[in-house]
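**Student:** Mind having a look at this structure? Questions to follow.
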Amino acid sequence: MPIRAGELAQWLGAELTGDPQVLIERASRIEEAESGSISFVANPKYRSFARGTRASALVIGLDLDSTDLDCPALIRVADPYASFARVLERLSEDDRKPRRGLAPQAWVHPDAQIGENVWVGPFSSIDSGSVLGEGVQVHPAVCIGRNVRIGARSILHPGVVVYDDCEIGTDCVLHAGAVIGSDGFGFAPQPDGSFRKIPQLGNVRLEAHVEIGANTTIDRATMGSTLVKSGAKIDNLVQLAHNVEVGEYSVLAAQSGVSGSTKIGRGVQVGGQAGLVGHIHIADGTRINAQSGVNRGVQEPGTALTGSPAGPYRSELKAQVVYRTLPEMEARLRALEVQVLRMTRDQQPTQQEP
Amino acid sequence: MPIRAGELAQWLGAELTGDPQVLIERASRIEEAESGSISFVANPKYRSFARGTRASALVIGLDLDSTDLDCPALIRVADPYASFARVLERLSEDDRKPRRGLAPQAWVHPDAQIGENVWVGPFSSIDSGSVLGEGVQVHPAVCIGRNVRIGARSILHPGVVVYDDCEIGTDCVLHAGAVIGSDGFGFAPQPDGSFRKIPQLGNVRLEAHVEIGANTTIDRATMGSTLVKSGAKIDNLVQLAHNVEVGEYSVLAAQSGVSGSTKIGRGVQVGGQAGLVGHIHIADGTRINAQSGVNRGVQEPGTALTGSPAGPYRSELKAQVVYRTLPEMEARLRALEVQVLRMTRDQQPTQQEP
Amino acid sequence: MPIRAGELAQWLGAELTGDPQVLIERASRIEEAESGSISFVANPKYRSFARGTRASALVIGLDLDSTDLDCPALIRVADPYASFARVLERLSEDDRKPRRGLAPQAWVHPDAQIGENVWVGPFSSIDSGSVLGEGVQVHPAVCIGRNVRIGARSILHPGVVVYDDCEIGTDCVLHAGAVIGSDGFGFAPQPDGSFRKIPQLGNVRLEAHVEIGANTTIDRATMGSTLVKSGAKIDNLVQLAHNVEVGEYSVLAAQSGVSGSTKIGRGVQVGGQAGLVGHIHIADGTRINAQSGVNRGVQEPGTALTGSPAGPYRSELKAQVVYRTLPEMEARLRALEVQVLRMTRDQQPTQQEP
């Protein structure tokens with residue numbers, strides 16, 4: 001929804017230099033901006049792009065030198081990045097009103113309870129006993145099992161699957177293809193080498209404001225709940241095994257994986273493709289680098305880890321630097337061995353030959 | 001389905017101490033148990049939880065000291081873990097009767113053959129020539145292509161896709177979003193740098209009692225079959241490329257990947273996020289640690305591997321330990337060099353300056 | 001569709017020895033071939049299989065010794081592998097005619113524009129403003145959002161999801177469960193530790209002849225486009241984050257992942273499970289080994305990388321070799337230390353004890 005630069009500045013509580021009537025239709029990266037675009041300069045490195053920009057408006061810092069900028073409208077703020085994020089919110093607002101009602105092509109069990117202003121798209125199914133809170137948005141081809149609870153305003157994108165008995169909090173977003181509540185990987189080995197499936201009787205519980213990425217999988221607990229706490233953000237293609245817990249405001253990047261019963265504290269950051277073994281506890285604020293393999297618990301809050309197996313960030317980095325020089329180190333070692341051997345011979349000219 | 005403690009003990013062939021009339025409604029982890037829960041103590045480490053438990057019944061070992069336990073019903077067995085797994089089975093039994101019939105919202109091609117007691121949920125499609133055995137459960141939004149064969153009692157969870165011509169054995173479980181039979185990644189490079197797709201004319205064949213995790217992908221063979229043998233268990237988000245074979249009772253943990261034409265023997269264990277290159281053979285009983293990168297075949301049955309590139313478990317572990325000390329090793333090497341240089345000078349006081 | 005050996009040889013422009021009337025019904029690997037099969041020998045290593053083969057026809061090199069082969073029809077070509085790929089194409093041709101029309105169980109918004117000869121399978125939904133070019137094949141249970149553009153002849157396999165505003169070029173193939181246009185992982189940290197979602201207003205754009213693997217996820221750009229250029233091939237379970245670019249004819253193997261805003265050049269090869277950090281540029285023709293972790297840009301075209309963190313292929317391989325010997329190196333270092341200490345004592349017999 002287009003907006004005037006002046007109105008936007010006012011909404012941001014910001015100072016405007018230039019023409020308040022300039023119409024803003026979209027947000028663009030500064031190097032791609034055109035007439036009708038708003039962009040921003042947060043990092044001085046991008047200052048050079050600002051000079052030739054074709055953007056109609058720029059969000060810039062309070063102290064940015066603007067003498068050579070001929071952009072029609074400059075909006076000055078204390079934190080350009082944060083303010084621009086708000087601009088994005090404003091531009092996406094009202095853009096597409098939330099839908100309402102049950103598509104005639106949806107299937108909703110008569111025992112399901114559907115709140116006010118819920119949308120259920122075509123080819124989605126909601127089974128018996130499930131409860132959808134006010135304003136829930138169910139996109140097409142979503143499958144919701146039995147006795148599922150979904151909190152108000154949560155959004156389930158196309159193809160999401162929620163197994164029986166799982167609970168989704170309020171204001172959650174589940175991206176396309178996410179699977180919530182599949183059976184944990186539990187098999188008891190039998191004497192003949194085969195496996196007997198251990199029934200997985202627990203569920204998955206997502207608290208409020210959780211976001212789950214596309215095609216991510218979260219297994220139900222064997223007993224009790226696999227739990228993702230409020231405000232945690234899980235990226236695409238992540239695996240959370242049975243009985244895992246993820247603390248509040250923790251962030252797991254794409255393709256990371258957490259093995260069974262591991263508990264991740266609050267404010268933890270897990271990098272892409274990192275893996276955690278099962279049955280460990282990760283302290284609050286731990287930062288785990290991409291591709292790390294964490295094979296033991298972390299007691300100290302705020303620890304930074306890298307490597308596979310993972311160790312403390314700084315010492316691992318030092319080891320990595322030396323690792324690169326291993327062939328030279330080996331050559332130096334060999335040279336020393338030769339030298340010492342010679343010296344030994346020089347010292348003991350009468351020694352016996354071996 | 002609730003059950004009396006006495007009845008459960010009898011069914012397990014176990015001895016009961018306490019009140020056989022206690023009603024058991026659910027299984028719980030011992031630290032979360034409440035009235036109506038049954039729990040267990042397999043590991044003496046959890047003995048301490050048993051004292052204060054609120055569980056109505058406990059499954060414990062024959063020799064566990066129970067003097068200070070005031071739990072209403074104690075069930076004594078030789079192997080508490082295995083017996084408790086059976087309790088889980090019993091509690092999940094009959095809980096939800098299998099469904100039957102074709103949902104009016106399903107689409108089944110007139111040429112498909114549907115066995116007795118099959119359930120096909122809403123928005124699932126079954127194309128021409130496909131054959132579903134007795135008791136197959138097809139959850140909502142499943143897509144079954146042409147000439148697919150699905151053995152008796154297999155369960156396809158929501159959103160599963162089975163491409164044309166693939167074969168699923170009896171008693172298999174495919175979790176939500178699993179894709180069976182997508183095209184293998186085969187492209188012939190052309191002189192101009194582009195690629196020409198190599199048609200993938202084979203299929204995927206799963207034998208009996210195979211379990212496939214959520215959002216796992218198994219590519220069809222270029223020719224012949226990509227094959228998963230009886231009793232193999234594949235976790236979530238695993239990738240099996242074209243013409244891979246997985247042996248009986250082998251287990252692949254989440255996010256592991258196997259490249260084209262690699263053959264995995266019987267009883268092999270592959271850890272999470274491990275990767276195997278193509279065209280190799282992995283001997284029976286090989287154990288591959290999480291995040292390993294296996295770039296050559298394994299001849300010796302029962303080999304344990306770790307690292308990337310992977311090597312024998314024990315020697316890799318030794319190398320990992322020394323790796324951590326690399327900065328100190330380098331310092332020790334430097335100190336030696338200085339010392340030897342000094343000694344050389346002392347020995348040859350008349351040497352020329354370089 | 002079966003074909004006579006003579007007709008096939010003619011179509012390949014190849015010489016035939018033997019019976020041109022032999023009927024070929026399928027392609028097989030040489031060790032699995034039966035009557036009615038055609039197979040090939042490209043690698044002399046497989047020559048031994050050719051002798052006993054039951055194949056009805058073989059594609060072989062111009063100079064392969066065929067004296068002891070009793071196969072009914074031999075087709076001689078300069079490049080057996082390339083010619084056999086063409087045979088596969090021929091055998092798959094017309095095999096199953098493309099479908100046409102909208103299934104009665106599909107849902108197509110009245111504002112969507114559907115080209116000639118399009119097929120839309122059951123339970124697929126196409127929302128308002130979307131445009132499907134001539135001959136597009138939409139398999140069952142596909143979800144196409146609003147204002148999506150799909151170029152002529154592209155194929156969307158079951159369960160594919162394309163979010164609003166994304167663009168798919170001509171002749172693309174999207175395998176089952178692929179997700180195009182999910183929100184990028186963008187969250188602005190707030191002072192209280194929570195995160196505020198940064199709206200993702202851009203889209204995903206796939207150019208022509210792009211193939212996307214099963215359950216792969218490609219996030220929409222924050223602003224602008226996440227871009228996959230012509231002829232690029234992306235395998236299964238790959239993650240492309242917001243604002244990533246993949247160059248023409250680049251190939252990404254299964255389970256690899258690319259972080260936000262990274263630009264991959266033309267003809268780049270990324271191995272399975274490799275990961276790239278965000279905001280870097282990868283030069284044309286770079287080859288990245290499986291499981292590598294690329295944490296800095298690559299300037300030099302044609303560079304080969306391996307390791308995590310990744311370094312130049314040859315030097316990393318040398319370091320890996322020495323890594324394996326670390327325990328022995330440490331022992332050698334310790335032995336030297338002892339020896340030098342002794343020599344020091346021998347040289348200075350009168351030194352004070354420490």
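By order in the structure tokens, chains are A, B, ...; within a chain, residues start at 1; ligands start at 1, following the order shown.
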For chain B against chain A, which residues fall within 6 Å using only C-alpha atoms, given as a list in words?
**Tutor:** Ser28, Ala85, Leu88, Glu89, Tyr249, Leu326 and Pro327 of chain B
**Student:** Give me, as a ChimeraX atom specification, the residues of region 38-159 of chain A that a backbone DSSP run labels helix (DSSP H, G or I).
**Tutor:** /A:44-51,80-92
**Student:** Any idea what the distance is between CA of Ile280 (chain C) and CA of Gly213 (chain A)?
**Tutor:** 23.1 Å
**Student:** Can you tell me, as a VMD selection string, which residues in region 82-270 of chain A count as strand (DSSP E or B) by DSSP?
**Tutor:** chain A and resid 101 to 102 107 to 108 113 to 114 119 to 120 125 to 126 131 to 132 137 to 138 143 to 144 149 to 150 155 to 156 161 to 162 167 to 168 173 to 174 179 to 182 187 to 189 195 to 197 203 to 206 211 to 212 217 to 219 225 to 228 233 to 234 239 to 240 245 to 246 251 to 252 257 to 258 263 to 264 269 to 270
**Student:** At a cut-off of 8 Å, using only C-alpha atoms, what residues contact Val131 (chain C)? Leave out same-chain residues fewer than 6 positions from it and give the result as a list in words.
**Tutor:**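 Residues near the query, excluding close chain neighbours: Ala112, Gln113, Ile114, Gly115, Asn147, Val148, Arg149 and Ile150 of chain C.
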